[in-house]
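Trainee: Below is the file work-v4.cif, with mmCIF, C-alpha atoms.
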data_entry
loop_
_atom_site.label_atom_id
_atom_site.label_comp_id
_atom_site.auth_asym_id
_atom_site.auth_seq_id
_atom_site.Cartn_x
_atom_site.Cartn_y
_atom_site.Cartn_z
CA MET B 1 46.78 -36.85 59.72
CA SER B 2 48.70 -38.41 56.83
CA ARG B 3 47.48 -37.62 53.37
CA PRO B 4 46.73 -40.67 51.22
CA LEU B 5 48.88 -41.55 48.23
CA PRO B 6 47.30 -40.97 44.81
CA ALA B 7 46.45 -44.15 42.93
CA ALA B 8 47.80 -42.72 39.68
CA PRO B 9 49.91 -39.60 40.27
CA ARG B 10 50.08 -37.20 37.34
CA ARG B 11 52.91 -34.91 38.43
CA ILE B 12 55.61 -36.11 40.81
CA LEU B 13 58.09 -33.73 42.42
CA LEU B 14 61.44 -35.42 43.15
CA ILE B 15 63.67 -33.67 45.68
CA LYS B 16 67.42 -34.30 45.67
CA SER B 17 70.58 -32.73 47.03
CA HIS B 18 74.01 -34.25 47.76
CA SER B 19 76.52 -34.23 44.87
CA ALA B 20 76.01 -32.40 41.56
CA GLY B 21 78.45 -34.70 39.74
CA ILE B 22 76.89 -36.21 36.63
CA GLY B 23 77.53 -39.77 37.78
CA ASP B 24 75.82 -39.15 41.10
CA ILE B 25 72.75 -37.53 39.58
CA LEU B 26 72.50 -40.15 36.81
CA ARG B 27 72.30 -42.81 39.51
CA SER B 28 68.79 -41.48 40.21
CA SER B 29 67.68 -42.23 36.65
CA ALA B 30 67.07 -45.89 37.53
CA ALA B 31 64.43 -44.75 40.02
CA TRP B 32 62.97 -42.37 37.42
CA ALA B 33 62.68 -45.29 34.99
CA VAL B 34 60.84 -47.41 37.57
CA LEU B 35 58.44 -44.56 38.34
CA LYS B 36 57.72 -44.11 34.61
CA GLU B 37 57.21 -47.83 34.19
CA ARG B 38 54.69 -47.84 37.03
CA TRP B 39 52.93 -44.65 35.91
CA PRO B 40 53.80 -44.05 32.22
CA GLU B 41 51.67 -40.91 31.96
CA ALA B 42 53.12 -39.23 35.04
CA GLU B 43 55.38 -36.21 34.70
CA LEU B 44 58.59 -36.30 36.72
CA HIS B 45 59.96 -32.97 37.92
CA LEU B 46 63.36 -32.78 39.65
CA LEU B 47 64.08 -30.13 42.28
CA PHE B 48 67.78 -30.23 43.16
CA LEU B 49 69.28 -28.22 46.01
CA THR B 50 72.82 -27.55 44.88
CA ARG B 51 75.91 -26.24 46.59
CA TRP B 52 77.56 -25.97 43.16
CA PRO B 53 75.32 -23.69 41.05
CA GLY B 54 76.05 -23.77 37.33
CA TYR B 55 77.72 -27.20 37.47
CA PRO B 56 78.11 -28.83 33.99
CA SER B 57 75.69 -31.62 34.86
CA GLU B 58 72.74 -29.21 35.00
CA GLU B 59 72.44 -28.82 31.21
CA LEU B 60 72.40 -32.56 30.56
CA ILE B 61 69.93 -33.34 33.35
CA ARG B 62 67.55 -30.67 32.06
CA GLU B 63 67.56 -32.56 28.75
CA HIS B 64 67.02 -35.99 30.31
CA HIS B 65 64.27 -37.87 28.47
CA LEU B 66 62.61 -39.17 31.65
CA LEU B 67 62.17 -35.73 33.22
CA SER B 68 59.56 -33.13 32.34
CA SER B 69 61.62 -30.44 34.09
CA ALA B 70 64.68 -30.01 36.30
CA HIS B 71 65.28 -27.09 38.65
CA PHE B 72 68.61 -26.41 40.38
CA LEU B 73 68.35 -24.06 43.36
CA PRO B 74 71.55 -22.73 45.00
CA MET B 75 71.76 -23.64 48.67
CA ALA B 76 74.50 -21.65 50.39
CA GLU B 77 75.85 -23.21 53.55
CA GLY B 78 77.49 -21.34 56.39
CA ARG B 79 77.73 -21.16 60.15
CA PHE B 80 74.57 -20.33 62.09
CA LEU B 81 74.55 -20.25 65.91
CA GLY B 82 77.84 -22.14 65.79
CA MET B 83 76.44 -24.92 63.62
CA ARG B 84 77.08 -25.76 59.97
CA GLY B 85 73.99 -25.44 57.83
CA VAL B 86 71.69 -23.23 55.78
CA GLY B 87 70.94 -20.00 57.61
CA PRO B 88 67.88 -17.71 57.63
CA ALA B 89 69.11 -15.52 54.77
CA SER B 90 69.38 -18.53 52.46
CA TRP B 91 65.95 -19.82 53.46
CA ARG B 92 64.38 -16.41 52.84
CA ARG B 93 65.64 -16.67 49.26
CA LEU B 94 65.13 -20.40 48.79
CA LEU B 95 61.60 -20.99 50.08
CA PRO B 96 59.86 -18.49 47.77
CA GLN B 97 61.59 -20.17 44.82
CA VAL B 98 60.37 -23.56 46.02
CA GLY B 99 56.84 -22.21 46.37
CA GLU B 100 56.93 -20.70 42.87
CA ILE B 101 58.18 -23.92 41.28
CA THR B 102 55.64 -26.00 43.20
CA ALA B 103 52.76 -23.73 42.20
CA ARG B 104 53.81 -24.01 38.57
CA ILE B 105 54.19 -27.81 38.60
CA ARG B 106 51.18 -28.55 40.86
CA PRO B 107 52.49 -31.96 42.02
CA ASP B 108 50.15 -34.56 43.44
CA LEU B 109 53.03 -36.53 44.97
CA ILE B 110 56.30 -35.30 46.54
CA ILE B 111 59.24 -37.67 47.06
CA ASP B 112 62.28 -36.63 49.11
CA HIS B 113 65.04 -39.05 48.13
CA GLU B 114 67.68 -37.74 50.54
CA PRO B 115 68.09 -39.86 53.68
CA HIS B 116 70.08 -37.33 55.71
CA GLY B 117 69.68 -33.74 56.83
CA LEU B 118 66.72 -31.45 57.27
CA GLU B 119 67.12 -29.21 54.21
CA THR B 120 65.24 -31.45 51.78
CA THR B 121 62.71 -32.33 54.49
CA LEU B 122 61.87 -28.66 54.97
CA VAL B 123 61.63 -28.17 51.20
CA ALA B 124 59.29 -31.16 50.93
CA ARG B 125 57.04 -29.77 53.65
CA TRP B 126 57.06 -26.31 52.04
CA ALA B 127 56.16 -27.83 48.68
CA LYS B 128 53.34 -29.73 50.40
CA ARG B 129 52.04 -26.46 51.84
CA HIS B 130 51.82 -24.99 48.33
CA SER B 131 50.34 -28.04 46.63
CA GLY B 132 48.53 -30.16 49.20
CA ALA B 133 50.38 -33.22 47.86
CA PRO B 134 51.39 -36.07 50.19
CA THR B 135 55.08 -36.40 50.97
CA VAL B 136 57.29 -39.50 50.98
CA GLY B 137 60.69 -39.63 52.68
CA VAL B 138 63.25 -41.86 54.35
CA ALA B 139 63.19 -42.47 58.10
CA GLU B 140 66.97 -42.58 58.36
CA VAL B 141 67.14 -41.22 61.92
CA PRO B 142 64.59 -41.49 64.77
CA GLY B 143 61.78 -39.00 64.36
CA ARG B 144 62.51 -38.05 60.76
CA GLY B 145 59.76 -40.29 59.43
CA LEU B 146 57.19 -38.27 61.39
CA LEU B 147 57.90 -35.30 59.10
CA TYR B 148 56.46 -37.10 56.05
CA ASP B 149 53.03 -38.49 55.25
CA HIS B 150 54.63 -41.81 54.29
CA ALA B 151 58.09 -42.90 55.42
CA ALA B 152 60.32 -45.64 54.09
CA PRO B 153 62.88 -47.48 56.25
CA GLY B 154 66.42 -46.18 56.70
CA LEU B 155 69.17 -47.24 54.30
CA ARG B 156 70.55 -50.10 56.40
CA ARG B 157 67.11 -51.58 56.96
CA TYR B 158 66.33 -51.19 53.28
CA ALA B 159 69.59 -52.94 52.32
CA ALA B 160 68.90 -55.78 54.77
CA ARG B 161 65.37 -56.30 53.46
CA GLN B 162 66.61 -56.36 49.87
CA GLY B 163 69.54 -58.67 50.67
CA LEU B 164 72.06 -56.05 49.50
CA ASP B 165 75.69 -55.71 50.51
CA TRP B 166 76.72 -52.85 52.78
CA PRO B 167 77.94 -50.28 51.87
CA MET B 168 75.12 -50.28 49.37
CA ASP B 169 75.35 -49.67 45.63
CA TYR B 170 74.75 -45.93 45.32
CA THR B 171 71.99 -46.41 42.73
CA GLU B 172 69.92 -48.21 45.37
CA ARG B 173 69.74 -45.12 47.61
CA ASP B 174 66.86 -43.60 45.64
CA PHE B 175 64.91 -46.85 45.92
CA ALA B 176 64.84 -46.61 49.70
CA ALA B 177 62.25 -43.83 49.37
CA LEU B 178 60.37 -45.72 46.65
CA ALA B 179 59.93 -48.64 49.06
CA ALA B 180 57.20 -46.55 50.71
CA LEU B 181 55.33 -46.74 47.39
CA GLY B 182 55.84 -50.49 47.05
CA LEU B 183 58.27 -50.01 44.14
CA ALA B 184 61.48 -52.04 43.77
CA ARG B 185 64.47 -51.73 41.47
CA ASN B 186 64.40 -55.28 40.07
CA GLY B 187 67.71 -54.80 38.26
CA GLN B 188 66.74 -51.55 36.53
CA ALA B 189 69.81 -49.87 34.99
CA ILE B 190 70.47 -46.15 34.99
CA ARG B 191 69.25 -44.45 31.82
CA LEU B 192 70.44 -41.78 29.38
CA ARG B 193 69.80 -41.01 25.72
CA GLU B 194 71.83 -39.20 23.13
CA THR B 195 70.81 -35.54 22.94
CA ALA B 196 70.24 -33.50 19.78
CA GLY B 197 73.61 -31.81 20.29
CA GLY B 198 75.22 -35.18 20.84
CA ARG B 199 73.76 -36.52 17.61
CA ALA B 200 75.23 -33.57 15.68
CA LEU B 201 78.68 -34.25 17.16
CA ARG B 202 78.47 -37.98 16.36
CA GLN B 203 77.63 -37.17 12.75
CA GLU B 204 80.52 -34.71 12.55
CA ILE B 205 82.94 -37.36 13.86
CA ALA B 206 81.59 -39.85 11.30
CA ARG B 207 82.35 -37.36 8.51
CA GLN B 208 85.92 -37.03 9.76
CA TRP B 209 86.30 -40.80 10.01
CA PRO B 210 84.44 -42.39 7.09
CA GLY B 211 84.55 -46.16 6.80
CA GLU B 212 83.64 -49.19 8.84
CA ARG B 213 86.47 -49.29 11.37
CA PRO B 214 84.96 -49.28 14.89
CA VAL B 215 85.49 -46.41 17.32
CA VAL B 216 86.85 -47.04 20.82
CA GLY B 217 86.27 -44.25 23.31
CA LEU B 218 88.79 -43.53 26.06
CA ASN B 219 88.13 -41.29 29.06
CA ILE B 220 91.29 -41.18 31.16
CA GLY B 221 89.74 -38.41 33.24
CA CYS B 222 90.48 -37.64 36.89
CA GLY B 223 92.26 -34.41 36.00
CA THR B 224 91.77 -32.70 39.37
CA ALA B 225 94.23 -33.14 42.21
CA ASP B 226 91.70 -34.83 44.50
CA ALA B 227 90.85 -37.42 41.82
CA ALA B 228 94.39 -38.14 40.59
CA ALA B 229 94.57 -41.39 42.58
CA LYS B 230 91.77 -42.80 40.40
CA ARG B 231 93.53 -42.01 37.12
CA PRO B 232 94.93 -44.92 35.07
CA ASP B 233 98.58 -44.55 34.12
CA PRO B 234 98.70 -43.03 30.58
CA ALA B 235 101.84 -44.95 29.62
CA THR B 236 100.30 -48.29 30.64
CA LEU B 237 97.13 -47.43 28.73
CA ALA B 238 99.20 -46.64 25.64
CA GLN B 239 100.95 -49.99 25.93
CA TRP B 240 97.90 -52.24 25.82
CA LEU B 241 95.69 -50.02 23.66
CA GLY B 242 98.36 -49.96 20.97
CA ARG B 243 98.45 -53.73 21.11
CA LEU B 244 94.66 -53.74 20.84
CA ALA B 245 94.90 -51.61 17.69
CA GLN B 246 97.26 -54.18 16.18
CA SER B 247 94.92 -57.11 16.79
CA HIS B 248 91.60 -55.28 16.40
CA PRO B 249 92.04 -52.18 14.19
CA HIS B 250 89.95 -49.28 15.45
CA ARG B 251 89.88 -45.53 15.80
CA LEU B 252 90.51 -44.03 19.22
CA LEU B 253 88.37 -41.17 20.51
CA LEU B 254 89.70 -39.39 23.59
CA THR B 255 87.27 -37.50 25.79
CA GLY B 256 87.81 -35.20 28.73
CA ALA B 257 87.20 -31.84 30.35
CA PRO B 258 89.36 -28.82 29.44
CA PHE B 259 91.56 -29.36 32.50
CA GLU B 260 92.23 -32.94 31.36
CA ALA B 261 93.85 -31.92 28.06
CA SER B 262 97.34 -32.41 29.54
CA VAL B 263 96.41 -35.94 30.68
CA ASN B 264 95.33 -36.84 27.14
CA ALA B 265 98.48 -35.22 25.72
CA ALA B 266 100.66 -37.40 27.97
CA PHE B 267 98.81 -40.49 26.75
CA MET B 268 99.23 -39.53 23.07
CA ASP B 269 102.96 -38.86 23.57
CA SER B 270 103.41 -42.33 25.08
CA TYR B 271 101.27 -43.92 22.36
CA ARG B 272 103.29 -42.36 19.53
CA ARG B 273 106.61 -43.28 21.12
CA LEU B 274 105.50 -46.90 21.44
CA TRP B 275 103.57 -47.32 18.21
CA GLY B 276 104.56 -44.42 15.98
CA ASN B 277 100.97 -43.76 14.91
CA GLY B 278 98.56 -41.11 16.05
CA THR B 279 96.55 -40.58 12.89
CA ASP B 280 93.64 -42.70 14.12
CA ILE B 281 93.21 -40.65 17.30
CA ILE B 282 90.90 -37.68 17.86
CA ASP B 283 91.25 -35.75 21.11
CA LEU B 284 88.00 -34.08 22.27
CA ALA B 285 89.30 -32.84 25.64
CA GLY B 286 87.67 -29.46 26.28
CA LYS B 287 85.65 -29.64 23.04
CA THR B 288 82.40 -31.12 24.35
CA THR B 289 79.76 -30.40 26.91
CA LEU B 290 78.21 -33.28 28.82
CA SER B 291 75.28 -33.00 26.44
CA THR B 292 77.35 -33.30 23.25
CA LEU B 293 79.47 -35.99 24.90
CA THR B 294 76.44 -38.30 24.63
CA GLY B 295 77.02 -38.36 20.85
CA ALA B 296 80.70 -39.18 21.19
CA ILE B 297 79.82 -42.09 23.48
CA ALA B 298 76.91 -43.27 21.31
CA GLY B 299 79.27 -43.65 18.34
CA CYS B 300 81.62 -46.01 20.18
CA ARG B 301 81.74 -49.78 19.84
CA LEU B 302 83.49 -49.80 23.23
CA PHE B 303 83.95 -47.08 25.84
CA ILE B 304 86.87 -47.34 28.29
CA SER B 305 86.91 -45.07 31.32
CA SER B 306 88.29 -44.42 34.74
CA ASP B 307 85.93 -44.11 37.72
CA SER B 308 84.47 -40.78 36.57
CA GLY B 309 81.32 -39.22 35.14
CA PRO B 310 81.61 -40.45 31.51
CA TYR B 311 81.81 -44.04 32.80
CA HIS B 312 78.33 -43.69 34.29
CA MET B 313 77.10 -41.96 31.12
CA ALA B 314 78.27 -44.82 28.91
CA VAL B 315 76.65 -47.41 31.18
CA ALA B 316 73.40 -45.41 31.19
CA MET B 317 73.42 -45.33 27.37
CA GLY B 318 73.89 -49.09 27.11
CA VAL B 319 77.26 -48.77 25.35
CA PRO B 320 79.71 -51.62 26.08
CA THR B 321 81.81 -50.17 28.88
CA LEU B 322 85.12 -51.19 30.43
CA ALA B 323 85.65 -49.34 33.72
CA LEU B 324 89.19 -49.16 35.08
CA PHE B 325 89.36 -48.79 38.87
CA ASN B 326 92.71 -48.37 40.63
CA PHE B 327 91.21 -49.59 43.92
CA PRO B 328 87.93 -51.16 45.05
CA ASN B 329 84.93 -48.82 45.19
CA SER B 330 81.93 -51.12 45.17
CA VAL B 331 79.29 -48.40 45.63
CA HIS B 332 80.21 -47.12 42.14
CA TYR B 333 80.04 -50.45 40.31
CA HIS B 334 77.39 -51.27 37.72
CA HIS B 335 76.54 -54.91 37.09
CA HIS B 336 75.11 -55.34 33.60
CA ALA B 337 75.90 -57.49 30.58
CA TRP B 338 77.41 -54.51 28.74
CA THR B 339 79.62 -53.44 31.67
CA ARG B 340 82.90 -54.84 32.93
CA ILE B 341 84.60 -53.55 36.08
CA LEU B 342 88.35 -54.10 36.30
CA VAL B 343 89.94 -53.33 39.67
CA ALA B 344 93.71 -52.86 39.72
CA GLY B 345 93.87 -55.10 36.67
CA SER B 346 97.00 -55.89 34.69
CA PRO B 347 97.47 -54.59 31.12
CA GLU B 348 96.87 -58.16 29.96
CA ALA B 349 93.54 -58.33 31.79
CA ALA B 350 92.47 -54.97 30.35
CA TYR B 351 93.45 -56.06 26.86
CA ASP B 352 91.51 -59.34 27.19
CA ALA B 353 88.41 -57.52 28.49
CA ALA B 354 88.51 -55.05 25.59
CA VAL B 355 88.91 -57.86 23.07
CA SER B 356 85.91 -59.69 24.52
CA PHE B 357 83.75 -56.63 23.87
CA LEU B 358 85.12 -55.92 20.39
CA ASN B 359 84.47 -59.52 19.36
CA ILE B 360 80.74 -59.03 20.02
CA PRO B 361 78.91 -57.96 16.85
CA SER B 362 77.77 -54.33 17.00
CA SER B 363 74.04 -53.86 17.67
CA GLY B 364 73.99 -50.14 18.48
CA ALA B 365 73.75 -48.44 21.84
CA ALA B 366 70.73 -49.12 23.97
CA SER B 367 68.92 -46.11 25.33
#
How does the structure come out when it is put into structure tokens?

Mentor:
Amino acid sequence: MSRPLPAAPRRILLIKSHSAGIGDILRSSAAWAVLKERWPEAELHLLFLTRWPGYPSEELIREHHLLSSAHFLPMAEGRFLGMRGVGPASWRRLLPQVGEITARIRPDLIIDHEPHGLETTLVARWAKRHSGAPTVGVAEVPGRGLLYDHAAPGLRRYAARQGLDWPMDYTERDFAALAALGLARNGQAIRLRETAGGRALRQEIARQWPGERPVVGLNIGCGTADAAAKRPDPATLAQWLGRLAQSHPHRLLLTGAPFEASVNAAFMDSYRRLWGNGTDIIDLAGKTTLSTLTGAIAGCRLFISSDSGPYHMAVAMGVPTLALFNFPNSVHYHHHAWTRILVAGSPEAAYDAAVSFLNIPSSGAAS
């Protein structure tokens, strides 16, 4: 017999898996915002089954203002009886951890946001055993909905009912489960606030760069071999950004992971050869965590990025964002007034888009 949904849940356990990349996890924050809008007093607790323990996104998500707690449990995959999946040894370690976390949180509602696989389904049922809370999940394949107290339609049916394109905007995936609660996205953006560490970094940058000249952030990114195809050409960036500095004087803040330092160095070499000026550039590659990066982004009048994690962070913070895509990838687009997606655009188009943002009077980043 299905357990009824609480009228006003006090503690909601959200179960996720899939990718640990910061952009992918931040996509869920739109659903968190809708849950908090519906039940402002409810605590949201994230339980994330990760195949990448210790990933940089964990620190930032633990600090997220919409979450009361975030727990990342390693989920080792292997081969069991000839099939790929999580074997008995992993479950013997994982399930007691789930039970301990559930007993501590005492949820009165459990939402499994993942549409595929049985791992999160089993975790949801185990958490239900330890809390008595009703479970909500996505009936993506026949029979899966029977494993939850309340099941939402599969992703394609959800997209059709909402009039969404397919493949569906990745942010919408979490709302498939929320459909079982009668909750809809209604244009809700992903959300992120500057952290305390980020604020300290922003203030340090302001001391280095006193004055009123605006800061433009640039995340070239895509420093790993598998992401290189998404990386904008540093020489082309230097060409139109130098022109932008001539027409709209600004300071340029480069961001990036430690392994992207060489990408930033190639950009700065091209920039100096073309424009002979690198004094208004600070390179932060390898000098920030994702948490402190929130401050670097918050201090920008405009943030320019490839299709990578900092792009999603800037959008979530409400900072005017110009995203440079080398090829179409519609599931990663954000459609908001402060966001512009440029796909395989010319240097002239990128320059014009940046100018349009810089011509808007600064009003501070929304959070």

Trainee: Take atom CA of B:Thr224 and atom CA of B:Lys16 and report the distance between them in Å, one decimal.

Mentor: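 Atom CA of B:Thr224 sits 25.2 Å away from atom CA of B:Lys16.
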
Trainee: Mind checking which residues fall within 9 Å of stretch 209-218 of chain B, counting only C-alpha atoms, ignoring those fewer than 4 positions away in the same chain, and posting them as a list of chain:residue names?

Mentor: B:Glu204, B:Ile205, B:Pro249, B:His250, B:Arg251, B:Leu252, B:Leu253, B:Leu254, B:Thr255, B:Gly256, B:Asp280, B:Ala296, B:Ile297, B:Gly299, B:Cys300, B:Arg301, B:Leu302, B:Phe303, B:Ile304, B:Ser305, B:Ser306, B:Leu358

Trainee: So how many Å separate atom CA of B:Ala7 and atom CA of B:Asp112, to one decimal?

Mentor: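 Between these atoms lies a distance of 18.6 Å.
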
Trainee: If you take all atoms listed in the file and a cut-off of 10 Å, which residues of stretch 81-129 of chain B touch stretch 169-183 of chain B, and what are their nearest atom pairs and distances in Å to one decimal, in chain and number order, as JSON lines?

Mentor:
{"residue": "B:Ile111", "atom": "CA", "partner": "B:Ala177", "partner_atom": "CA", "distance": 7.2}
{"residue": "B:Asp112", "atom": "CA", "partner": "B:Ala177", "partner_atom": "CA", "distance": 7.2}
{"residue": "B:His113", "atom": "CA", "partner": "B:Asp174", "partner_atom": "CA", "distance": 5.5}
{"residue": "B:Glu114", "atom": "CA", "partner": "B:Asp174", "partner_atom": "CA", "distance": 7.7}
{"residue": "B:Pro115", "atom": "CA", "partner": "B:Arg173", "partner_atom": "CA", "distance": 8.2}

Trainee: Rounded to one decimal in Å, what is the spacing between atom CA of B:Ala124 and atom CA of B:Ala139?

Mentor: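 Between atom CA of B:Ala124 and atom CA of B:Ala139 the gap works out to 13.9 Å.
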
Trainee: Go through stretch 102-199 of chain B and flag each residue having an atom no more than 9 Å from stretch 45-56 of chain B; for those, report the closest pair of atoms plus their distance in Å to one decimal, using all atoms listed in the file, ordered by chain and rising number, as CSV.

Mentor:
residue,atom,partner,partner_atom,distance
B:Ile105,CA,B:His45,CA,7.8
B:Pro107,CA,B:His45,CA,8.6
B:Glu119,CA,B:Leu49,CA,8.5
B:Thr120,CA,B:Leu49,CA,7.7

Trainee: Restricting the calculation to all atoms listed in the file, which member of B:Val343, B:Ala353, B:Ala323, B:Leu192 is positioned closest to B:Leu244?

Mentor: B:Ala353

Trainee: List the neighbours of B:Trp166 out to 9 Å using only C-alpha atoms; skip same-chain residues closer than 6 positions along the sequence, and give me the result as a ChimeraX atom specification.

Mentor: /B:156,159-160,331

Trainee: Adding 8 Å on each side of the box along x, y and z that holds all listed atoms of stretch 248-256 of chain B, could you give its centre and edge lengths in Å to one decimal, as JSON?

Mentor:
{"center_x": 89.7, "center_y": -45.2, "center_z": 21.5, "size_x": 20.8, "size_y": 36.1, "size_z": 30.5}

Trainee: For stretch 100-108 of chain B, which lacks atoms in the input, supply all heavy atoms and format the output as a CSV table (one decimal), in the frame of the given file.

Mentor:
chain,number,residue,atom,x,y,z
B,100,GLU,N,57.2,-21.1,44.3
B,100,GLU,CA,56.9,-20.7,42.9
B,100,GLU,C,57.0,-21.9,42.0
B,100,GLU,O,56.1,-22.1,41.1
B,100,GLU,CB,57.9,-19.6,42.4
B,100,GLU,CG,57.7,-19.2,41.0
B,100,GLU,CD,58.8,-18.2,40.5
B,100,GLU,OE1,59.4,-17.5,41.4
B,100,GLU,OE2,59.0,-18.1,39.3
B,101,ILE,N,58.0,-22.7,42.1
B,101,ILE,CA,58.2,-23.9,41.3
B,101,ILE,C,57.0,-24.9,41.6
B,101,ILE,O,56.4,-25.5,40.6
B,101,ILE,CB,59.5,-24.6,41.5
B,101,ILE,CG1,60.7,-23.7,41.0
B,101,ILE,CG2,59.6,-26.0,40.9
B,101,ILE,CD1,62.1,-24.1,41.4
B,102,THR,N,56.7,-25.1,42.8
B,102,THR,CA,55.6,-26.0,43.2
B,102,THR,C,54.3,-25.5,42.6
B,102,THR,O,53.5,-26.4,42.1
B,102,THR,CB,55.6,-26.1,44.7
B,102,THR,OG1,56.8,-26.5,45.3
B,102,THR,CG2,54.5,-27.2,45.1
B,103,ALA,N,54.0,-24.3,42.7
B,103,ALA,CA,52.8,-23.7,42.2
B,103,ALA,C,52.7,-23.9,40.7
B,103,ALA,O,51.6,-24.2,40.2
B,103,ALA,CB,52.6,-22.2,42.6
B,104,ARG,N,53.8,-23.8,40.0
B,104,ARG,CA,53.8,-24.0,38.6
B,104,ARG,C,53.6,-25.5,38.2
B,104,ARG,O,52.9,-25.8,37.2
B,104,ARG,CB,55.1,-23.5,38.0
B,104,ARG,CG,55.1,-23.4,36.5
B,104,ARG,CD,56.2,-22.5,36.0
B,104,ARG,NE,57.6,-22.9,36.3
B,104,ARG,CZ,58.4,-22.3,37.2
B,104,ARG,NH1,58.0,-21.2,37.8
B,104,ARG,NH2,59.6,-22.7,37.4
B,105,ILE,N,54.3,-26.4,38.9
B,105,ILE,CA,54.2,-27.8,38.6
B,105,ILE,C,52.9,-28.4,39.1
B,105,ILE,O,52.3,-29.3,38.4
B,105,ILE,CB,55.4,-28.6,39.2
B,105,ILE,CG1,56.7,-28.1,38.6
B,105,ILE,CG2,55.2,-30.1,39.1
B,105,ILE,CD1,57.9,-28.6,39.3
B,106,ARG,N,52.4,-28.0,40.2
B,106,ARG,CA,51.2,-28.6,40.9
B,106,ARG,C,51.3,-30.1,41.1
B,106,ARG,O,50.5,-30.8,40.6
B,106,ARG,CB,49.9,-28.2,40.0
B,106,ARG,CG,49.6,-26.7,40.0
B,106,ARG,CD,48.4,-26.4,39.1
B,106,ARG,NE,48.6,-26.8,37.7
B,106,ARG,CZ,48.0,-27.7,37.0
B,106,ARG,NH1,47.1,-28.4,37.7
B,106,ARG,NH2,48.3,-27.9,35.8
B,107,PRO,N,52.3,-30.5,41.8
B,107,PRO,CA,52.5,-32.0,42.0
B,107,PRO,C,51.4,-32.6,42.8
B,107,PRO,O,50.7,-31.9,43.7
B,107,PRO,CB,53.8,-32.0,42.8
B,107,PRO,CG,53.9,-30.7,43.5
B,107,PRO,CD,53.3,-29.7,42.6
B,108,ASP,N,51.1,-33.8,42.6
B,108,ASP,CA,50.2,-34.6,43.4
B,108,ASP,C,50.9,-35.6,44.2
B,108,ASP,O,50.2,-36.4,44.9
B,108,ASP,CB,49.0,-35.1,42.7
B,108,ASP,CG,49.4,-35.9,41.4
B,108,ASP,OD1,50.6,-36.2,41.3
B,108,ASP,OD2,48.5,-36.3,40.6
